[in-house]
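Pasted below: start_32.cif, mmCIF, C-alpha atoms.
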```cif
data_entry
loop_
_atom_site.label_atom_id
_atom_site.label_comp_id
_atom_site.auth_asym_id
_atom_site.auth_seq_id
_atom_site.Cartn_x
_atom_site.Cartn_y
_atom_site.Cartn_z
CA MET L 1 -72.40 16.97 13.53
CA GLU L 2 -75.16 17.91 15.98
CA ASP L 3 -72.77 17.18 18.89
CA PHE L 4 -70.05 19.29 17.26
CA ALA L 5 -72.48 22.15 16.57
CA ALA L 6 -73.52 22.13 20.25
CA ALA L 7 -69.86 22.10 21.33
CA VAL L 8 -69.04 25.24 19.35
CA GLY L 9 -72.36 26.93 20.21
CA LEU L 10 -73.74 27.10 16.66
CA SER L 11 -76.73 25.61 14.86
CA ARG L 12 -76.33 22.40 12.88
CA PRO L 13 -77.42 24.06 9.58
CA THR L 14 -74.66 26.67 10.03
CA VAL L 15 -72.03 24.00 10.65
CA SER L 16 -73.33 21.95 7.70
CA LYS L 17 -73.17 25.03 5.52
CA PHE L 18 -69.51 25.51 6.49
CA PHE L 19 -68.61 21.95 5.49
CA GLN L 20 -70.27 22.38 2.11
CA ASP L 21 -68.48 25.68 1.46
CA PRO L 22 -66.34 27.40 4.16
CA THR L 23 -66.63 30.75 2.35
CA SER L 24 -70.43 30.67 2.66
CA VAL L 25 -70.34 31.63 6.37
CA ARG L 26 -69.10 34.85 7.98
CA ALA L 27 -65.39 35.12 8.79
CA LYS L 28 -65.96 35.12 12.59
CA VAL L 29 -68.19 32.03 12.33
CA ARG L 30 -65.61 30.32 10.16
CA GLU L 31 -62.86 31.07 12.72
CA ARG L 32 -65.06 29.71 15.51
CA ILE L 33 -65.70 26.45 13.63
CA GLU L 34 -62.04 26.04 12.66
CA ALA L 35 -60.99 26.52 16.28
CA GLY L 36 -63.54 23.89 17.29
CA LEU L 37 -62.18 21.48 14.68
CA THR L 38 -58.65 21.95 16.02
CA GLU L 39 -59.80 21.38 19.60
CA THR L 40 -62.04 18.36 18.98
CA GLY L 41 -60.52 16.75 15.90
CA PHE L 42 -64.04 16.36 14.47
CA ARG L 43 -64.50 15.54 10.81
CA PRO L 44 -67.85 14.72 9.20
CA ASN L 45 -68.25 11.15 7.96
CA LEU L 46 -67.95 11.55 4.20
CA PHE L 47 -69.97 8.45 3.38
CA ALA L 48 -72.74 9.27 5.81
CA VAL L 49 -73.00 12.80 4.44
CA ASN L 50 -73.11 11.59 0.85
CA LEU L 51 -75.67 8.88 1.52
CA ASN L 52 -77.88 11.52 3.10
CA ARG L 53 -77.69 13.79 0.05
CA ARG L 54 -79.74 13.56 -3.09
CA ARG L 55 -76.54 14.30 -5.02
CA THR L 56 -73.04 13.68 -3.62
CA LYS L 57 -69.77 15.48 -4.25
CA ILE L 58 -67.97 12.32 -5.38
CA ILE L 59 -67.02 11.51 -8.96
CA GLY L 60 -65.95 8.00 -9.94
CA LEU L 61 -63.08 7.37 -12.38
CA ILE L 62 -62.61 3.97 -14.01
CA PHE L 63 -59.56 3.19 -16.16
CA PRO L 64 -58.59 -0.15 -17.71
CA ASN L 65 -54.91 0.02 -16.72
CA SER L 66 -53.58 1.95 -13.73
CA LEU L 67 -49.96 1.65 -14.93
CA ASP L 68 -50.44 3.00 -18.47
CA PRO L 69 -48.85 6.50 -18.58
CA PHE L 70 -51.59 7.72 -20.92
CA TYR L 71 -54.31 6.93 -18.39
CA THR L 72 -52.16 8.27 -15.56
CA GLY L 73 -51.98 11.60 -17.39
CA LEU L 74 -55.73 11.65 -17.97
CA ARG L 75 -56.39 10.79 -14.34
CA ARG L 76 -54.18 13.64 -13.11
CA ARG L 77 -55.94 16.18 -15.32
CA ILE L 78 -59.41 15.04 -14.31
CA GLU L 79 -58.59 14.88 -10.60
CA THR L 80 -57.30 18.46 -10.66
CA ALA L 81 -60.35 19.78 -12.53
CA ALA L 82 -62.74 17.82 -10.30
CA ALA L 83 -61.14 19.20 -7.13
CA GLU L 84 -61.38 22.75 -8.49
CA ALA L 85 -65.11 22.16 -9.08
CA GLY L 86 -65.55 20.91 -5.51
CA TYR L 87 -65.72 17.18 -6.23
CA MET L 88 -63.71 14.31 -4.77
CA PRO L 89 -62.59 11.67 -7.31
CA PHE L 90 -62.58 7.96 -6.44
CA VAL L 91 -60.42 5.93 -8.85
CA PHE L 92 -60.92 2.29 -9.85
CA SER L 93 -59.02 0.07 -12.29
CA SER L 94 -60.91 -2.52 -14.32
CA ASP L 95 -57.60 -4.25 -15.16
CA GLY L 96 -58.88 -4.53 -18.71
CA LYS L 97 -61.64 -6.93 -17.63
CA ALA L 98 -65.32 -6.38 -18.40
CA GLU L 99 -66.51 -8.02 -15.18
CA LEU L 100 -64.31 -5.75 -13.02
CA GLU L 101 -65.54 -2.73 -14.96
CA ALA L 102 -69.16 -3.63 -14.15
CA GLU L 103 -68.26 -4.23 -10.49
CA ALA L 104 -66.60 -0.82 -10.28
CA ILE L 105 -69.72 0.89 -11.64
CA GLU L 106 -71.91 -0.99 -9.17
CA THR L 107 -69.62 -0.03 -6.26
CA LEU L 108 -69.69 3.63 -7.28
CA THR L 109 -73.46 3.46 -7.60
CA ALA L 110 -73.66 2.09 -4.05
CA LEU L 111 -71.54 5.04 -2.90
CA ASN L 112 -74.16 7.35 -4.41
CA VAL L 113 -71.61 9.15 -6.61
CA ALA L 114 -72.66 12.19 -8.61
CA GLY L 115 -71.33 10.74 -11.86
CA ILE L 116 -68.64 8.63 -13.50
CA ILE L 117 -65.90 9.13 -16.09
CA MET L 118 -64.59 5.89 -17.55
CA ALA L 119 -62.45 4.49 -20.35
CA PRO L 120 -64.40 1.39 -21.41
CA VAL L 121 -62.97 -2.01 -22.25
CA SER L 122 -64.33 -4.27 -24.94
CA GLY L 123 -66.98 -6.73 -23.80
CA ASN L 124 -69.73 -9.00 -25.05
CA ALA L 125 -73.35 -8.04 -25.65
CA LYS L 126 -74.35 -9.01 -22.10
CA HIS L 127 -71.71 -6.72 -20.59
CA HIS L 128 -72.68 -3.92 -22.96
CA ALA L 129 -76.32 -4.16 -21.87
CA LYS L 130 -75.31 -4.20 -18.20
CA VAL L 131 -73.17 -1.07 -18.50
CA LYS L 132 -75.92 0.68 -20.45
CA ALA L 133 -78.44 -0.15 -17.70
CA LEU L 134 -76.06 1.19 -15.06
CA ALA L 135 -75.57 4.34 -17.15
CA ARG L 136 -79.29 5.05 -16.80
CA ARG L 137 -78.84 5.27 -13.02
CA ASN L 138 -75.63 7.31 -13.04
CA PRO L 139 -74.46 10.01 -15.45
CA ILE L 140 -71.45 8.49 -17.25
CA VAL L 141 -69.03 10.20 -19.63
CA PHE L 142 -66.81 7.84 -21.60
CA ILE L 143 -63.24 8.84 -22.40
CA ASP L 144 -60.54 7.56 -24.81
CA ALA L 145 -62.86 5.02 -26.50
CA PRO L 146 -66.60 5.48 -27.20
CA PHE L 147 -69.13 3.10 -25.67
CA ASP L 148 -71.79 3.59 -28.33
CA ALA L 149 -73.26 6.34 -30.49
CA GLU L 150 -75.62 7.54 -27.74
CA GLN L 151 -73.42 7.90 -24.64
CA PRO L 152 -71.38 11.10 -24.01
CA PHE L 153 -67.77 10.64 -25.09
CA VAL L 154 -64.45 12.54 -25.29
CA GLY L 155 -61.48 11.11 -27.16
CA THR L 156 -58.79 11.56 -29.77
CA ASN L 157 -59.88 12.00 -33.37
CA ASN L 158 -58.21 8.82 -34.62
CA ALA L 159 -59.25 9.50 -38.20
CA GLN L 160 -57.35 12.81 -38.09
CA SER L 161 -54.35 11.75 -35.99
CA MET L 162 -53.61 8.45 -37.72
CA ALA L 163 -54.12 10.04 -41.13
CA LEU L 164 -51.64 12.74 -40.13
CA ILE L 165 -48.79 10.34 -39.39
CA THR L 166 -49.66 7.91 -42.20
CA ASP L 167 -49.59 10.75 -44.72
CA TYR L 168 -46.20 11.88 -43.41
CA LEU L 169 -44.68 8.40 -43.57
CA THR L 170 -45.81 7.86 -47.18
CA ARG L 171 -43.55 10.78 -48.14
CA LEU L 172 -40.40 8.94 -47.06
CA ASP L 173 -38.45 6.40 -49.12
CA ASP L 174 -40.95 3.54 -48.79
CA THR L 175 -44.59 2.95 -47.85
CA PRO L 176 -45.49 2.19 -44.23
CA CYS L 177 -46.81 -1.20 -43.16
CA TYR L 178 -49.19 -1.26 -40.19
CA PHE L 179 -48.50 -3.06 -36.90
CA ASP L 180 -51.82 -3.41 -35.04
CA MET L 181 -52.31 -2.75 -31.34
CA PRO L 182 -54.17 -5.44 -29.35
CA TRP L 183 -57.92 -5.07 -29.82
CA VAL L 184 -58.75 -3.98 -26.28
CA ASN L 185 -61.15 -1.24 -27.36
CA SER L 186 -62.50 0.49 -30.46
CA ASN L 187 -59.31 2.55 -30.95
CA ALA L 188 -57.65 -0.51 -32.49
CA HIS L 189 -60.22 -0.71 -35.28
CA ASP L 190 -60.45 3.06 -35.79
CA ARG L 191 -56.71 3.55 -36.12
CA ARG L 192 -56.22 0.67 -38.51
CA GLN L 193 -59.12 1.90 -40.64
CA ALA L 194 -57.66 5.41 -40.72
CA TYR L 195 -54.34 3.96 -41.91
CA VAL L 196 -56.09 1.95 -44.65
CA ASP L 197 -58.18 4.94 -45.77
CA THR L 198 -55.16 7.27 -45.91
CA MET L 199 -53.03 4.81 -47.85
CA THR L 200 -55.87 4.30 -50.34
CA ARG L 201 -56.42 8.03 -50.71
CA ARG L 202 -52.70 8.53 -51.35
CA GLY L 203 -52.74 5.84 -54.04
CA PHE L 204 -50.81 3.18 -52.08
CA GLU L 205 -51.71 -0.40 -51.26
CA PRO L 206 -52.31 -0.78 -47.49
CA VAL L 207 -50.04 -3.40 -45.88
CA VAL L 208 -51.53 -4.61 -42.58
CA LEU L 209 -49.20 -7.09 -40.92
CA ASP L 210 -50.59 -10.56 -40.20
CA LEU L 211 -50.41 -10.70 -36.39
CA GLU L 212 -51.95 -13.00 -33.82
CA ARG L 213 -55.20 -11.42 -32.63
CA SER L 214 -55.00 -10.48 -28.95
CA GLU L 215 -56.86 -8.51 -26.27
CA THR L 216 -53.95 -8.32 -23.83
CA TRP L 217 -53.00 -5.06 -22.12
CA ASP L 218 -49.37 -6.16 -22.05
CA PHE L 219 -48.76 -4.24 -25.27
CA GLU L 220 -44.96 -4.21 -25.16
CA ARG L 221 -44.57 -7.96 -24.68
CA TYR L 222 -47.18 -8.69 -27.35
CA ALA L 223 -45.43 -6.45 -29.90
CA TYR L 224 -41.99 -7.78 -28.99
CA GLU L 225 -43.08 -11.38 -29.53
CA GLN L 226 -44.93 -10.62 -32.77
CA ALA L 227 -42.02 -8.56 -34.14
CA ASN L 228 -39.58 -11.38 -33.36
CA ARG L 229 -41.84 -13.82 -35.20
CA ILE L 230 -41.87 -11.51 -38.25
CA LEU L 231 -38.08 -11.05 -38.17
CA LYS L 232 -37.49 -14.81 -37.99
CA SER L 233 -39.82 -15.43 -40.95
CA GLY L 234 -38.17 -13.04 -43.40
CA GLY L 235 -38.61 -9.58 -41.90
CA PHE L 236 -40.98 -6.69 -42.41
CA PRO L 237 -42.43 -6.24 -45.92
CA THR L 238 -41.50 -2.54 -46.05
CA LYS L 239 -38.81 -0.35 -44.45
CA ILE L 240 -41.36 1.71 -42.47
CA VAL L 241 -43.41 0.30 -39.57
CA LEU L 242 -46.34 2.32 -38.24
CA CYS L 243 -47.55 0.99 -34.87
CA GLY L 244 -51.05 1.36 -33.44
CA ASN L 245 -49.67 3.05 -30.31
CA ASP L 246 -46.36 3.91 -28.67
CA ARG L 247 -46.36 0.97 -26.27
CA VAL L 248 -46.56 -1.35 -29.28
CA ALA L 249 -43.72 0.62 -30.86
CA PHE L 250 -41.60 0.08 -27.73
CA GLY L 251 -41.90 -3.69 -28.19
CA VAL L 252 -41.08 -3.44 -31.89
CA LEU L 253 -38.02 -1.26 -31.19
CA ALA L 254 -36.76 -3.74 -28.61
CA ALA L 255 -37.08 -6.64 -31.05
CA VAL L 256 -35.43 -4.95 -34.03
CA ASN L 257 -32.62 -3.46 -31.92
CA GLN L 258 -31.86 -6.85 -30.39
CA ALA L 259 -31.83 -8.33 -33.91
CA GLY L 260 -29.02 -5.93 -34.81
CA LEU L 261 -31.09 -3.75 -37.13
CA LYS L 262 -30.63 0.01 -37.14
CA VAL L 263 -33.69 2.24 -36.82
CA GLY L 264 -33.71 5.83 -38.07
CA LEU L 265 -33.70 8.11 -41.08
CA GLY L 266 -30.07 7.69 -42.17
CA ARG L 267 -29.12 5.89 -45.36
CA ASP L 268 -27.44 3.19 -43.30
CA CYS L 269 -30.67 2.50 -41.36
CA ASP L 270 -32.69 -0.65 -41.93
CA LEU L 271 -36.09 0.50 -40.66
CA ARG L 272 -38.14 3.52 -39.63
CA VAL L 273 -40.59 3.01 -36.74
CA ALA L 274 -43.41 5.32 -35.65
CA GLY L 275 -46.18 5.16 -33.07
CA HIS L 276 -49.20 7.03 -31.75
CA ASP L 277 -49.97 8.67 -28.35
CA ASN L 278 -46.68 10.41 -27.42
CA GLN L 279 -46.22 8.50 -24.17
CA PRO L 280 -43.84 10.18 -21.67
CA LEU L 281 -41.11 7.63 -22.46
CA SER L 282 -41.39 8.06 -26.24
CA GLU L 283 -38.79 10.82 -26.19
CA TYR L 284 -36.30 8.59 -24.37
CA THR L 285 -36.34 5.36 -26.39
CA TRP L 286 -33.47 4.65 -28.77
CA PRO L 287 -33.90 6.15 -31.17
CA PRO L 288 -36.48 8.67 -29.88
CA LEU L 289 -39.90 7.77 -31.28
CA THR L 290 -41.77 9.68 -33.99
CA THR L 291 -45.42 9.69 -32.96
CA VAL L 292 -48.68 11.62 -32.66
CA SER L 293 -49.35 13.53 -29.45
CA GLN L 294 -52.76 13.08 -27.84
CA ASN L 295 -53.92 16.16 -25.95
CA THR L 296 -54.63 14.56 -22.55
CA ALA L 297 -55.00 17.94 -20.86
CA GLU L 298 -57.79 18.97 -23.22
CA MET L 299 -59.43 15.54 -23.11
CA GLY L 300 -59.47 15.57 -19.31
CA ARG L 301 -60.81 19.13 -19.18
CA LEU L 302 -63.57 18.39 -21.64
CA ALA L 303 -64.56 15.13 -19.93
CA ILE L 304 -65.01 16.67 -16.47
CA ASN L 305 -66.83 19.69 -17.89
CA LEU L 306 -69.07 17.44 -19.98
CA LEU L 307 -69.96 15.48 -16.84
CA LEU L 308 -70.55 18.67 -14.85
CA SER L 309 -72.85 19.91 -17.62
CA LYS L 310 -74.91 16.74 -17.15
CA LEU L 311 -75.00 17.20 -13.37
CA ASP L 312 -75.87 20.88 -13.56
CA PRO L 313 -77.62 21.81 -16.83
CA GLY L 314 -77.77 25.44 -15.77
CA ARG L 315 -74.01 25.71 -15.27
CA PRO L 316 -72.45 28.14 -17.78
CA PHE L 317 -69.71 26.75 -20.04
CA ASP L 318 -67.68 28.67 -22.62
CA ASP L 319 -67.09 25.68 -24.92
CA PRO L 320 -69.88 25.03 -27.47
CA ARG L 321 -68.65 21.44 -27.94
CA LEU L 322 -70.10 20.53 -24.54
CA SER L 323 -73.60 20.71 -25.99
CA GLY L 324 -72.85 17.71 -28.23
CA GLY L 325 -72.64 14.03 -27.40
CA HIS L 326 -69.25 13.06 -28.88
CA ILE L 327 -66.22 15.37 -28.69
CA LEU L 328 -63.10 14.54 -30.72
CA VAL L 329 -59.75 16.18 -30.00
CA SER L 330 -57.12 16.50 -32.74
CA GLY L 331 -53.57 15.16 -32.39
CA ASP L 332 -50.24 16.75 -33.34
CA LEU L 333 -47.38 15.16 -35.27
CA VAL L 334 -44.16 14.81 -33.23
CA LEU L 335 -41.10 14.14 -35.39
CA ARG L 336 -38.11 12.39 -33.82
CA ALA L 337 -35.16 10.30 -34.97
CA SER L 338 -36.95 6.94 -35.38
CA ALA L 339 -38.73 8.14 -38.53
#
```
Whole structure given in C-alpha cells:
Amino acid sequence: MEDFAAAVGLSRPTVSKFFQDPTSVRAKVRERIEAGLTETGFRPNLFAVNLNRRRTKIIGLIFPNSLDPFYTGLRRRIETAAAEAGYMPFVFSSDGKAELEAEAIETLTALNVAGIIMAPVSGNAKHHAKVKALARRNPIVFIDAPFDAEQPFVGTNNAQSMALITDYLTRLDDTPCYFDMPWVNSNAHDRRQAYVDTMTRRGFEPVVLDLERSETWDFERYAYEQANRILKSGGFPTKIVLCGNDRVAFGVLAAVNQAGLKVGLGRDCDLRVAGHDNQPLSEYTWPPLTTVSQNTAEMGRLAINLLLSKLDPGRPFDDPRLSGGHILVSGDLVLRASA
C-alpha cells in the first residue's frame, strides 16, 4: 500500500482511509485513487489488512448443511445484511459433524474474524465445552437452534409454530400422529414436545410414532425408509401425519404415494400429511404440503444485527429485542392440499 500511495502521490493514511470507506475522502482524491487502481491493478491483501487490525471486517457463517434450502435462505439474508453493514461473510459447512464445526470456528479465529453466526449441531460434552471456550474468544450468535441458555440466539419459536399446526390438525376428522425428525439439534426435541403439549391441552392422547433414532442429515431418505417400515407393518395409527419438518414430510409423501395411498382432504383420501418450515419445494410436492412458514428473512436480519450489537455496543438499533439474549420468531400456518 505504501508503494501504491507513492505511485499516486498521496499519503498512505489517505489511501488506507479510502479502502476502509471510499466516501470518507474528497471526490478529487477518490478519482485519483480509482485512476491509479485502474492503471496499476493494485488491490490490498485482505488477509494482511485484517491481521493488522484489532477488529476485522469479516464475519464467519457456519451451517450444518450447505444443500438444505432453509440454510441457503438464511445464508442469503445474512450475506446481504452483512454486506450492507460493510462486512464480508466467509461461509463454512460443518456437514452436520461436531468436529468439523469446531475446526471451522478455529479457522475463522485464525483469520481474525470480527464475529461468527452459526447453526450448531448436536455434540457431546467435550465438544460443547470446546465451542464455549472458542465463543469466549470470538463473539458468536447462534441461529436456528440454541447452544445453551447463555449464548445469544435467534430462531423459530417452536412452541408457537408447532402448536399452531397441531391445533389446526386436531380440528380435522382424526387426531394427528407425530413423525419425528432426526435428532440433529434441539429443534427435534422442542417440536415433539410442543406437539405433545398441544395434544394434551386439547384433550387428546399424543401419538408419537416409534421410529429408529437417528442423527442423519439425509432427512428424506430416513423418513422414506421409516414410513415404508410403518406401512409394511400395518400402516399409520391415525389418518393424519404431522412431520417434524418438511424434508421429513417429503420422504413420507414419497413412501405413501408409492404405496398407492391418496393424500389430501377429500373423502376418498387415505391420509393427510403436514410438515414444518415451508421449504421452497413444499408448494410443488404432490399434493402441495401444508406446513408452517419460518420467517428466514427476519431471522437473518435479527442474527446479523444481534452480532453487530455485540461488535459495536454504541450502534443504534430500532429493535428492542436485540437487548436480550434469546430472540424467538413466530411462524405462520400455510394451508395446502395435503392437509
Please determine an axis-aligned box that encloses all atoms of stretch 118-133 of chain L listed in the file, with 5 Å added on each side, and express its centre and edge lengths in Å to one decimal as JSON.
```
{"center_x": -70.4, "center_y": -1.6, "center_z": -21.6, "size_x": 26.0, "size_y": 24.9, "size_z": 18.1}
```
Q) Which of these residues is nearest to L:Val208, using all atoms listed in the file: L:Val241, L:Ala6, L:Ala149, L:Ala227? A)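 With all atoms listed in the file as the atom set, the closest residue is L:Val241.
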Counting only C-alpha atoms, what are the residues of stretch 24-96 of chain L within 6 Å of stretch 107-113 of chain L, and for each of them which pair of atoms is the nearest and at what distance in Å, to one decimal? Sort the table by chain and rising number, as JSON lines.
```
{"residue": "L:Thr56", "atom": "CA", "partner": "L:Val113", "partner_atom": "CA", "distance": 5.6}
{"residue": "L:Ile58", "atom": "CA", "partner": "L:Val113", "partner_atom": "CA", "distance": 5.0}
{"residue": "L:Ile59", "atom": "CA", "partner": "L:Val113", "partner_atom": "CA", "distance": 5.7}
```
Q. Selected by the PyMOL selection byres ((chain L and resi 292-298) around 6) in the shown coordinates: which residues, as a PyMOL selection string?
A. chain L and resi 74+77+276-278+291+299-301+331-334
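The smallest atom-to-atom distance between L:Ala223 and any of L:Gly41, L:Pro182, L:Gly235, L:Pro176, using only C-alpha atoms, is found for L:Pro182.
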Q) In Å, how far is it from atom CA of L:Met1 to atom CA of L:Thr80? A)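 The value is 28.6 Å.
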Q. Contacts of L:Asp180 at 10 Å or less, counting all atoms listed in the file, minus same-chain residues fewer than 6 places along, as a VMD selection string?
A. chain L and resid 188 to 189 191 to 192 208 to 214 223 242 to 245 248 to 249
(Q) With distances taken over all atoms listed in the file, which residue among L:Met162, L:Lys126, L:Ser338, L:Arg229 lies nearest L:Val196? (A) L:Met162
Q) Applied to the shown file, which residues does the PyMOL selection byres ((chain L and resi 240) around 12) return, written as a ChimeraX atom specification? A) /L:165-166,168-179,207-209,235-239,241-243,249,252,263-265,269-275,290,338-339
Next, write the just-selected residues to a file, as a PDB file, keeping the file's coordinate frame, keeping C-alpha atoms as the atom set.
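Saved result, again_8.pdb, follows:
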```pdb
ATOM      1  CA  ILE L 165     -48.790  10.340 -39.390  1.00  0.00           C
ATOM      2  CA  THR L 166     -49.660   7.910 -42.200  1.00  0.00           C
ATOM      3  CA  TYR L 168     -46.200  11.880 -43.410  1.00  0.00           C
ATOM      4  CA  LEU L 169     -44.680   8.400 -43.570  1.00  0.00           C
ATOM      5  CA  THR L 170     -45.810   7.860 -47.180  1.00  0.00           C
ATOM      6  CA  ARG L 171     -43.550  10.780 -48.140  1.00  0.00           C
ATOM      7  CA  LEU L 172     -40.400   8.940 -47.060  1.00  0.00           C
ATOM      8  CA  ASP L 173     -38.450   6.400 -49.120  1.00  0.00           C
ATOM      9  CA  ASP L 174     -40.950   3.540 -48.790  1.00  0.00           C
ATOM     10  CA  THR L 175     -44.590   2.950 -47.850  1.00  0.00           C
ATOM     11  CA  PRO L 176     -45.490   2.190 -44.230  1.00  0.00           C
ATOM     12  CA  CYS L 177     -46.810  -1.200 -43.160  1.00  0.00           C
ATOM     13  CA  TYR L 178     -49.190  -1.260 -40.190  1.00  0.00           C
ATOM     14  CA  PHE L 179     -48.500  -3.060 -36.900  1.00  0.00           C
ATOM     15  CA  VAL L 207     -50.040  -3.400 -45.880  1.00  0.00           C
ATOM     16  CA  VAL L 208     -51.530  -4.610 -42.580  1.00  0.00           C
ATOM     17  CA  LEU L 209     -49.200  -7.090 -40.920  1.00  0.00           C
ATOM     18  CA  GLY L 235     -38.610  -9.580 -41.900  1.00  0.00           C
ATOM     19  CA  PHE L 236     -40.980  -6.690 -42.410  1.00  0.00           C
ATOM     20  CA  PRO L 237     -42.430  -6.240 -45.920  1.00  0.00           C
ATOM     21  CA  THR L 238     -41.500  -2.540 -46.050  1.00  0.00           C
ATOM     22  CA  LYS L 239     -38.810  -0.350 -44.450  1.00  0.00           C
ATOM     23  CA  VAL L 241     -43.410   0.300 -39.570  1.00  0.00           C
ATOM     24  CA  LEU L 242     -46.340   2.320 -38.240  1.00  0.00           C
ATOM     25  CA  CYS L 243     -47.550   0.990 -34.870  1.00  0.00           C
ATOM     26  CA  ALA L 249     -43.720   0.620 -30.860  1.00  0.00           C
ATOM     27  CA  VAL L 252     -41.080  -3.440 -31.890  1.00  0.00           C
ATOM     28  CA  VAL L 263     -33.690   2.240 -36.820  1.00  0.00           C
ATOM     29  CA  GLY L 264     -33.710   5.830 -38.070  1.00  0.00           C
ATOM     30  CA  LEU L 265     -33.700   8.110 -41.080  1.00  0.00           C
ATOM     31  CA  CYS L 269     -30.670   2.500 -41.360  1.00  0.00           C
ATOM     32  CA  ASP L 270     -32.690  -0.650 -41.930  1.00  0.00           C
ATOM     33  CA  LEU L 271     -36.090   0.500 -40.660  1.00  0.00           C
ATOM     34  CA  ARG L 272     -38.140   3.520 -39.630  1.00  0.00           C
ATOM     35  CA  VAL L 273     -40.590   3.010 -36.740  1.00  0.00           C
ATOM     36  CA  ALA L 274     -43.410   5.320 -35.650  1.00  0.00           C
ATOM     37  CA  GLY L 275     -46.180   5.160 -33.070  1.00  0.00           C
ATOM     38  CA  THR L 290     -41.770   9.680 -33.990  1.00  0.00           C
ATOM     39  CA  SER L 338     -36.950   6.940 -35.380  1.00  0.00           C
ATOM     40  CA  ALA L 339     -38.730   8.140 -38.530  1.00  0.00           C
TER      41      ALA L 339
END
```
Protein/DNA/RNA residues near (-65.7, 17.1, 12.6), cut 10 Å, all atoms listed in the file, as a PDB file with C-alpha atoms, in the coordinates of the input:
```pdb
ATOM      1  CA  MET L   1     -72.400  16.970  13.530  1.00  0.00           C
ATOM      2  CA  ASP L   3     -72.770  17.180  18.890  1.00  0.00           C
ATOM      3  CA  PHE L   4     -70.050  19.290  17.260  1.00  0.00           C
ATOM      4  CA  ALA L   5     -72.480  22.150  16.570  1.00  0.00           C
ATOM      5  CA  VAL L  15     -72.030  24.000  10.650  1.00  0.00           C
ATOM      6  CA  PHE L  19     -68.610  21.950   5.490  1.00  0.00           C
ATOM      7  CA  ILE L  33     -65.700  26.450  13.630  1.00  0.00           C
ATOM      8  CA  GLU L  34     -62.040  26.040  12.660  1.00  0.00           C
ATOM      9  CA  GLY L  36     -63.540  23.890  17.290  1.00  0.00           C
ATOM     10  CA  LEU L  37     -62.180  21.480  14.680  1.00  0.00           C
ATOM     11  CA  THR L  38     -58.650  21.950  16.020  1.00  0.00           C
ATOM     12  CA  THR L  40     -62.040  18.360  18.980  1.00  0.00           C
ATOM     13  CA  GLY L  41     -60.520  16.750  15.900  1.00  0.00           C
ATOM     14  CA  PHE L  42     -64.040  16.360  14.470  1.00  0.00           C
ATOM     15  CA  ARG L  43     -64.500  15.540  10.810  1.00  0.00           C
ATOM     16  CA  PRO L  44     -67.850  14.720   9.200  1.00  0.00           C
ATOM     17  CA  ASN L  45     -68.250  11.150   7.960  1.00  0.00           C
TER      18      ASN L  45
END
```
Q: Using only C-alpha atoms, find all polymer residues with an atom at most 9 Å away from the point (-40.1, -5.1, -29.1); report them as a list of chain:residue names.
A: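 Collected hits near the coordinates: L:Glu220, L:Arg221, L:Tyr222, L:Ala223, L:Tyr224, L:Glu225, L:Gln226, L:Ala227, L:Asn228, L:Val248, L:Ala249, L:Phe250, L:Gly251, L:Val252, L:Leu253, L:Ala254, L:Ala255, L:Val256, L:Asn257, L:Gln258.
Each of L:Ile116, L:Ile78, L:Ile327, L:Gly60 was compared to L:Phe90 using all atoms listed in the file, and L:Gly60 turns out to be the nearest.
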